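The file model_11.pdb contains PDB, C-alpha atoms:
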```pdb
ATOM      1  CA  MET J   1      10.580  19.797  15.676  1.00  0.00           C
ATOM      2  CA  ILE J   2       9.819  16.305  14.350  1.00  0.00           C
ATOM      3  CA  PHE J   3       8.188  15.332  17.627  1.00  0.00           C
ATOM      4  CA  GLU J   4       6.047  18.473  17.700  1.00  0.00           C
ATOM      5  CA  ASN J   5       4.975  17.893  14.090  1.00  0.00           C
ATOM      6  CA  LEU J   6       3.955  14.346  14.968  1.00  0.00           C
ATOM      7  CA  CYS J   7       1.837  15.518  17.896  1.00  0.00           C
ATOM      8  CA  ASP J   8       0.128  18.008  15.621  1.00  0.00           C
ATOM      9  CA  SER J   9      -0.481  15.344  12.955  1.00  0.00           C
ATOM     10  CA  LEU J  10      -2.046  12.969  15.487  1.00  0.00           C
ATOM     11  CA  GLU J  11      -3.837  15.783  17.300  1.00  0.00           C
ATOM     12  CA  ILE J  12      -2.864  14.394  20.697  1.00  0.00           C
ATOM     13  CA  PRO J  13      -1.011  16.007  23.656  1.00  0.00           C
ATOM     14  CA  PRO J  14       2.792  15.559  23.827  1.00  0.00           C
ATOM     15  CA  LYS J  15       2.557  13.484  27.025  1.00  0.00           C
ATOM     16  CA  GLU J  16       0.207  10.962  25.405  1.00  0.00           C
ATOM     17  CA  CYS J  17       2.337  10.936  22.255  1.00  0.00           C
ATOM     18  CA  ARG J  18       5.483  10.079  24.278  1.00  0.00           C
ATOM     19  CA  GLN J  19       3.645   7.224  25.998  1.00  0.00           C
ATOM     20  CA  ILE J  20       2.528   5.763  22.661  1.00  0.00           C
ATOM     21  CA  LEU J  21       6.005   6.020  21.147  1.00  0.00           C
ATOM     22  CA  GLY J  22       7.512   4.438  24.256  1.00  0.00           C
ATOM     23  CA  GLN J  23       5.160   1.495  24.038  1.00  0.00           C
ATOM     24  CA  ILE J  24       5.888   1.011  20.349  1.00  0.00           C
ATOM     25  CA  ARG J  25       9.630   1.040  21.032  1.00  0.00           C
ATOM     26  CA  GLU J  26       9.635  -1.146  24.147  1.00  0.00           C
ATOM     27  CA  VAL J  27       6.996  -3.696  23.177  1.00  0.00           C
ATOM     28  CA  HIS J  28       7.514  -4.005  19.432  1.00  0.00           C
ATOM     29  CA  GLY J  29      11.066  -2.744  18.929  1.00  0.00           C
ATOM     30  CA  HIS J  30      10.056  -0.184  16.288  1.00  0.00           C
ATOM     31  CA  TYR J  31      11.170   3.408  15.956  1.00  0.00           C
ATOM     32  CA  LEU J  32       9.573   6.539  14.562  1.00  0.00           C
ATOM     33  CA  THR J  33      10.882   7.998  11.325  1.00  0.00           C
ATOM     34  CA  GLN J  34       9.715  10.593   8.839  1.00  0.00           C
ATOM     35  CA  VAL J  35       9.573   9.770   5.128  1.00  0.00           C
ATOM     36  CA  GLY J  36       8.798  12.883   3.107  1.00  0.00           C
ATOM     37  CA  GLU J  37       5.490  14.204   4.404  1.00  0.00           C
ATOM     38  CA  ALA J  38       4.558  10.839   5.910  1.00  0.00           C
ATOM     39  CA  TRP J  39       5.233   9.457   9.383  1.00  0.00           C
ATOM     40  CA  ALA J  40       6.230   5.825   9.643  1.00  0.00           C
ATOM     41  CA  ILE J  41       7.141   3.168  12.162  1.00  0.00           C
ATOM     42  CA  GLU J  42      10.456   1.629  11.179  1.00  0.00           C
ATOM     43  CA  ASP J  43      11.492  -1.936  11.919  1.00  0.00           C
ATOM     44  CA  PRO J  44      15.267  -1.728  12.534  1.00  0.00           C
ATOM     45  CA  LEU J  45      15.648  -5.416  11.632  1.00  0.00           C
ATOM     46  CA  ALA J  46      13.925  -5.042   8.285  1.00  0.00           C
ATOM     47  CA  GLY J  47      16.287  -2.659   6.553  1.00  0.00           C
ATOM     48  CA  GLY J  48      15.253   0.953   6.993  1.00  0.00           C
ATOM     49  CA  PRO J  49      12.482   3.519   6.636  1.00  0.00           C
ATOM     50  CA  ASP J  50      11.159   1.895   3.485  1.00  0.00           C
ATOM     51  CA  ASP J  51       9.911  -0.981   5.639  1.00  0.00           C
ATOM     52  CA  MET J  52       6.875   0.816   7.042  1.00  0.00           C
ATOM     53  CA  HIS J  53       4.414  -0.923   9.282  1.00  0.00           C
ATOM     54  CA  PHE J  54       2.176   2.089   9.161  1.00  0.00           C
ATOM     55  CA  ALA J  55       2.390   5.627   7.899  1.00  0.00           C
ATOM     56  CA  ILE J  56       0.434   8.813   8.446  1.00  0.00           C
ATOM     57  CA  GLN J  57      -0.156  10.887   5.354  1.00  0.00           C
ATOM     58  CA  ASN J  58      -2.117  14.116   5.067  1.00  0.00           C
ATOM     59  CA  LEU J  59      -4.624  14.332   2.215  1.00  0.00           C
ATOM     60  CA  LYS J  60      -7.101  16.887   1.003  1.00  0.00           C
ATOM     61  CA  PHE J  61     -10.681  15.835   1.565  1.00  0.00           C
ATOM     62  CA  GLY J  62     -12.196  14.159  -1.485  1.00  0.00           C
ATOM     63  CA  ARG J  63     -14.157  11.186  -2.776  1.00  0.00           C
ATOM     64  CA  PHE J  64     -12.533   7.773  -2.415  1.00  0.00           C
ATOM     65  CA  GLY J  65     -12.739   4.446  -4.183  1.00  0.00           C
ATOM     66  CA  PHE J  66     -11.401   1.258  -2.634  1.00  0.00           C
ATOM     67  CA  ILE J  67      -9.736  -1.744  -4.256  1.00  0.00           C
ATOM     68  CA  THR J  68      -7.513  -4.569  -3.101  1.00  0.00           C
ATOM     69  CA  ASP J  69      -5.828  -7.810  -4.204  1.00  0.00           C
ATOM     70  CA  THR J  70      -5.539  -7.178  -7.924  1.00  0.00           C
ATOM     71  CA  HIS J  71      -2.730  -9.785  -8.155  1.00  0.00           C
ATOM     72  CA  PHE J  72      -1.171  -8.684 -11.425  1.00  0.00           C
ATOM     73  CA  GLY J  73       0.702 -11.658 -12.863  1.00  0.00           C
ATOM     74  CA  SER J  74      -1.889 -14.224 -11.761  1.00  0.00           C
ATOM     75  CA  LYS J  75      -3.866 -16.046 -14.430  1.00  0.00           C
ATOM     76  CA  TYR J  76      -6.931 -15.096 -12.401  1.00  0.00           C
ATOM     77  CA  GLN J  77      -6.379 -11.336 -12.481  1.00  0.00           C
ATOM     78  CA  GLN J  78      -9.392  -9.396 -13.791  1.00  0.00           C
ATOM     79  CA  LEU J  79      -8.003  -6.458 -15.730  1.00  0.00           C
ATOM     80  CA  THR J  80     -11.269  -5.853 -17.603  1.00  0.00           C
ATOM     81  CA  TYR J  81     -13.245  -5.513 -14.371  1.00  0.00           C
ATOM     82  CA  LEU J  82     -10.524  -3.332 -12.867  1.00  0.00           C
ATOM     83  CA  ASN J  83     -10.620  -0.908 -15.805  1.00  0.00           C
ATOM     84  CA  ASP J  84     -14.412  -0.859 -15.649  1.00  0.00           C
ATOM     85  CA  PHE J  85     -14.313  -0.049 -11.932  1.00  0.00           C
ATOM     86  CA  TYR J  86     -11.910   2.849 -12.478  1.00  0.00           C
ATOM     87  CA  GLU J  87     -14.174   4.216 -15.214  1.00  0.00           C
ATOM     88  CA  ARG J  88     -17.168   3.986 -12.872  1.00  0.00           C
ATOM     89  CA  CYS J  89     -15.165   5.821 -10.206  1.00  0.00           C
ATOM     90  CA  GLU J  90     -14.254   8.518 -12.724  1.00  0.00           C
ATOM     91  CA  ASN J  91     -17.938   8.994 -13.526  1.00  0.00           C
ATOM     92  CA  LEU J  92     -18.670   9.321  -9.799  1.00  0.00           C
ATOM     93  CA  GLY J  93     -16.028  12.019  -9.359  1.00  0.00           C
ATOM     94  CA  VAL J  94     -13.592   9.927  -7.310  1.00  0.00           C
ATOM     95  CA  ASP J  95     -10.356  11.751  -6.404  1.00  0.00           C
ATOM     96  CA  TYR J  96      -8.392   8.961  -4.738  1.00  0.00           C
ATOM     97  CA  MET J  97      -8.296   5.213  -5.138  1.00  0.00           C
ATOM     98  CA  LEU J  98      -7.073   3.312  -2.075  1.00  0.00           C
ATOM     99  CA  HIS J  99      -5.370   0.029  -2.958  1.00  0.00           C
ATOM    100  CA  ALA J 100      -5.054  -2.170   0.125  1.00  0.00           C
ATOM    101  CA  GLY J 101      -2.247  -4.414  -1.047  1.00  0.00           C
ATOM    102  CA  ASP J 102      -1.292  -7.370  -3.247  1.00  0.00           C
ATOM    103  CA  LEU J 103      -1.214  -5.292  -6.369  1.00  0.00           C
ATOM    104  CA  SER J 104       1.188  -7.950  -7.698  1.00  0.00           C
ATOM    105  CA  ASP J 105       0.987 -11.724  -7.366  1.00  0.00           C
ATOM    106  CA  GLY J 106       4.448 -11.969  -5.847  1.00  0.00           C
ATOM    107  CA  ASN J 107       7.390 -14.302  -6.323  1.00  0.00           C
ATOM    108  CA  GLY J 108       5.374 -17.503  -6.689  1.00  0.00           C
ATOM    109  CA  ASN J 109       6.437 -19.101  -3.408  1.00  0.00           C
ATOM    110  CA  LEU J 110       3.596 -18.068  -1.122  1.00  0.00           C
ATOM    111  CA  TYR J 111       1.633 -21.316  -1.283  1.00  0.00           C
ATOM    112  CA  ARG J 112       1.926 -24.695  -2.925  1.00  0.00           C
ATOM    113  CA  GLY J 113       1.208 -24.589  -6.632  1.00  0.00           C
ATOM    114  CA  GLN J 114       1.193 -20.792  -6.938  1.00  0.00           C
ATOM    115  CA  ARG J 115       3.699 -20.781  -9.793  1.00  0.00           C
ATOM    116  CA  PHE J 116       1.278 -22.801 -11.924  1.00  0.00           C
ATOM    117  CA  GLU J 117      -1.338 -20.080 -11.444  1.00  0.00           C
ATOM    118  CA  MET J 118       0.904 -17.293 -12.774  1.00  0.00           C
ATOM    119  CA  PHE J 119       1.704 -16.037 -16.265  1.00  0.00           C
ATOM    120  CA  LEU J 120       4.342 -13.503 -15.139  1.00  0.00           C
ATOM    121  CA  HIS J 121       7.345 -14.601 -13.077  1.00  0.00           C
ATOM    122  CA  GLY J 122       9.845 -12.341 -11.377  1.00  0.00           C
ATOM    123  CA  TYR J 123       9.460  -8.803 -10.119  1.00  0.00           C
ATOM    124  CA  GLN J 124      10.684  -7.091 -13.299  1.00  0.00           C
ATOM    125  CA  ASP J 125       8.080  -8.677 -15.559  1.00  0.00           C
ATOM    126  CA  GLN J 126       5.322  -7.924 -13.062  1.00  0.00           C
ATOM    127  CA  GLU J 127       6.568  -4.377 -12.479  1.00  0.00           C
ATOM    128  CA  ASP J 128       6.661  -3.648 -16.220  1.00  0.00           C
ATOM    129  CA  PHE J 129       3.205  -5.129 -16.717  1.00  0.00           C
ATOM    130  CA  ILE J 130       1.692  -3.114 -13.857  1.00  0.00           C
ATOM    131  CA  VAL J 131       3.285   0.125 -15.078  1.00  0.00           C
ATOM    132  CA  GLU J 132       1.917  -0.477 -18.567  1.00  0.00           C
ATOM    133  CA  GLN J 133      -1.496  -1.975 -17.791  1.00  0.00           C
ATOM    134  CA  TYR J 134      -2.712  -0.559 -14.479  1.00  0.00           C
ATOM    135  CA  PRO J 135      -5.631   1.848 -15.079  1.00  0.00           C
ATOM    136  CA  LYS J 136      -4.566   5.436 -15.593  1.00  0.00           C
ATOM    137  CA  ILE J 137      -7.316   8.037 -15.428  1.00  0.00           C
ATOM    138  CA  PRO J 138      -6.595  11.788 -15.229  1.00  0.00           C
ATOM    139  CA  GLY J 139      -7.681  13.211 -11.908  1.00  0.00           C
ATOM    140  CA  ILE J 140      -7.568   9.935  -9.964  1.00  0.00           C
ATOM    141  CA  LYS J 141      -4.590   9.314  -7.687  1.00  0.00           C
ATOM    142  CA  THR J 142      -4.026   5.748  -6.478  1.00  0.00           C
ATOM    143  CA  LYS J 143      -2.640   5.378  -2.939  1.00  0.00           C
ATOM    144  CA  ALA J 144      -1.253   1.860  -2.488  1.00  0.00           C
ATOM    145  CA  ILE J 145       0.167  -0.193   0.346  1.00  0.00           C
ATOM    146  CA  ALA J 146       2.146  -3.397  -0.062  1.00  0.00           C
ATOM    147  CA  GLY J 147       0.525  -6.713   0.830  1.00  0.00           C
ATOM    148  CA  ASN J 148       2.160 -10.023   1.684  1.00  0.00           C
ATOM    149  CA  HIS J 149       2.373 -11.037  -2.004  1.00  0.00           C
ATOM    150  CA  ASP J 150       4.109  -7.763  -2.842  1.00  0.00           C
ATOM    151  CA  GLU J 151       6.398  -8.190   0.163  1.00  0.00           C
ATOM    152  CA  SER J 152       7.574 -11.594  -1.080  1.00  0.00           C
ATOM    153  CA  PHE J 153       9.915  -9.740  -3.450  1.00  0.00           C
ATOM    154  CA  ILE J 154      11.358  -7.822  -0.504  1.00  0.00           C
ATOM    155  CA  LYS J 155      12.117 -11.077   1.271  1.00  0.00           C
ATOM    156  CA  SER J 156      13.586 -12.836  -1.776  1.00  0.00           C
ATOM    157  CA  ALA J 157      15.271  -9.986  -3.663  1.00  0.00           C
ATOM    158  CA  ASN J 158      15.109  -6.881  -1.404  1.00  0.00           C
ATOM    159  CA  ILE J 159      12.851  -5.242  -4.003  1.00  0.00           C
ATOM    160  CA  ASN J 160       9.748  -3.261  -3.059  1.00  0.00           C
ATOM    161  CA  ILE J 161       7.711  -3.690  -6.228  1.00  0.00           C
ATOM    162  CA  ILE J 162       5.029  -1.164  -5.221  1.00  0.00           C
ATOM    163  CA  GLN J 163       7.644   1.491  -4.597  1.00  0.00           C
ATOM    164  CA  LYS J 164       9.259   0.661  -7.959  1.00  0.00           C
ATOM    165  CA  VAL J 165       5.927   0.995  -9.729  1.00  0.00           C
ATOM    166  CA  ALA J 166       5.210   4.307  -7.990  1.00  0.00           C
ATOM    167  CA  GLU J 167       8.556   5.688  -9.150  1.00  0.00           C
ATOM    168  CA  ARG J 168       7.478   5.076 -12.758  1.00  0.00           C
ATOM    169  CA  ARG J 169       3.810   6.024 -12.429  1.00  0.00           C
ATOM    170  CA  PRO J 170       3.200   9.588 -11.108  1.00  0.00           C
ATOM    171  CA  ASP J 171      -0.478   8.731 -10.537  1.00  0.00           C
ATOM    172  CA  ILE J 172       0.399   5.954  -8.060  1.00  0.00           C
ATOM    173  CA  ASP J 173       1.750   6.672  -4.560  1.00  0.00           C
ATOM    174  CA  TYR J 174       3.325   4.029  -2.347  1.00  0.00           C
ATOM    175  CA  ILE J 175       2.280   4.853   1.217  1.00  0.00           C
ATOM    176  CA  GLY J 176       3.414   1.915   3.363  1.00  0.00           C
ATOM    177  CA  ARG J 177       3.689  -1.778   4.068  1.00  0.00           C
ATOM    178  CA  ARG J 178       0.644  -3.656   5.326  1.00  0.00           C
ATOM    179  CA  GLY J 179      -1.123  -0.502   6.511  1.00  0.00           C
ATOM    180  CA  ALA J 180      -1.377   3.274   6.381  1.00  0.00           C
ATOM    181  CA  TYR J 181      -3.250   6.035   8.170  1.00  0.00           C
ATOM    182  CA  LEU J 182      -4.751   8.729   5.953  1.00  0.00           C
ATOM    183  CA  ASN J 183      -5.477  12.048   7.632  1.00  0.00           C
ATOM    184  CA  LEU J 184      -8.121  14.098   5.816  1.00  0.00           C
ATOM    185  CA  VAL J 185      -6.959  17.421   7.161  1.00  0.00           C
ATOM    186  CA  GLU J 186      -9.820  19.650   6.029  1.00  0.00           C
ATOM    187  CA  LYS J 187     -12.422  17.505   7.808  1.00  0.00           C
ATOM    188  CA  SER J 188     -10.275  16.235  10.717  1.00  0.00           C
ATOM    189  CA  VAL J 189     -11.064  12.667   9.678  1.00  0.00           C
ATOM    190  CA  LYS J 190      -8.574   9.799   9.899  1.00  0.00           C
ATOM    191  CA  THR J 191      -8.938   6.463   8.175  1.00  0.00           C
ATOM    192  CA  TYR J 192      -6.777   3.342   8.176  1.00  0.00           C
ATOM    193  CA  ILE J 193      -6.233   0.756   5.466  1.00  0.00           C
ATOM    194  CA  GLN J 194      -4.646  -2.592   6.238  1.00  0.00           C
ATOM    195  CA  HIS J 195      -3.619  -5.747   4.443  1.00  0.00           C
ATOM    196  CA  PRO J 196      -3.828  -8.903   6.580  1.00  0.00           C
ATOM    197  CA  ASP J 197      -1.817 -12.087   6.065  1.00  0.00           C
ATOM    198  CA  GLY J 198      -2.483 -15.793   6.276  1.00  0.00           C
ATOM    199  CA  GLY J 199      -4.481 -18.510   4.557  1.00  0.00           C
ATOM    200  CA  VAL J 200      -4.498 -19.620   0.945  1.00  0.00           C
ATOM    201  CA  ALA J 201      -5.929 -18.236  -2.281  1.00  0.00           C
ATOM    202  CA  TYR J 202      -9.535 -17.436  -1.520  1.00  0.00           C
ATOM    203  CA  ALA J 203     -11.071 -16.852  -4.928  1.00  0.00           C
ATOM    204  CA  LEU J 204     -11.209 -18.298  -8.421  1.00  0.00           C
ATOM    205  CA  SER J 205     -10.536 -14.809  -9.765  1.00  0.00           C
ATOM    206  CA  TYR J 206      -9.363 -11.426  -8.486  1.00  0.00           C
TER
END
```
Can the structure in the file be given as structure tokens, please?
Amino acid sequence: MIFENLCDSLEIPPKECRQILGQIREVHGHYLTQVGEAWAIEDPLAGGPDDMHFAIQNLKFGRFGFITDTHFGSKYQQLTYLNDFYERCENLGVDYMLHAGDLSDGNGNLYRGQRFEMFLHGYQDQEDFIVEQYPKIPGIKTKAIAGNHDESFIKSANINIIQKVAERRPDIDYIGRRGAYLNLVEKSVKTYIQHPDGGVAYALSY
């Protein structure tokens, strides 16, 4: 039943679906799993279904806003601009906000000198701050993936900070690590959001 549901979600024939899953398993060592209503590729070395490399989630068609790299906990976060953007999206009738990762600034060990650019240290302080301060507007649902800064807490403390935030904020959904497919079922449209990795801090503010 799970396999048939996956074929229906991807809208591809079973034969093609088996070929894709075989390639994922043989080449990358990942396995298919189902997490709630979402499909995910699990890395067996990373600790379970929570460690998604991509997920497929069905959504009702609506108007989307897009945001990324808010880096809560960094001295260069821009909470005022973020709140203003959410208010603009509310005025435009946005239904979903897609957050493409690095909602938090991470554990402070991602590049030399990062700790000196942070005012919140540790996942608990950043989690509490995000839960309290992240924009909350009735009618707008934020769909968020984890970026490499968020993942630093997984590597150092086995804590998925985005998942923790989502458990405390009903208006925020955690939908995967590094990437997620969103299937707009009413219009048969699929979109993909991804968070890349590499490099150093690229901006004076976020």
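Minimum atom-to-atom distances from J:Thr191, J:Asn148, J:Gln78, J:Thr142 to J:Ile172 were compared using all atoms listed in the file, and the lowest value belongs to J:Thr142.
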Apply the PyMOL selection byres ((chain J and resi 94) around 7) to the file shown and report the selected residues as a ChimeraX atom specification. /J:63-65,89-90,92-93,95-96,140
Name the closest residue to J:Arg115 among the candidates J:Asn183, J:Gln163, J:Ser74, J:Gln19; distances are taken between atoms, counting all atoms listed in the file.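 Nearest candidate to J:Arg115 out of J:Asn183, J:Gln163, J:Ser74, J:Gln19: J:Ser74.
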From the list J:Leu98, J:Asp69, J:Glu87, J:Asp128, the nearest residue to J:Glu167 using all atoms listed in the file is J:Asp128
I'd like to know which of J:Tyr123, J:Tyr181, J:Tyr134, J:Phe129 is closest to J:Lys155, using all atoms listed in the file.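 Nearest to J:Lys155: J:Tyr123.
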What separation in Å, quoted to one decimal, exists between atom CA of J:Asp150 and atom CA of J:Asn91? 29.7 Å
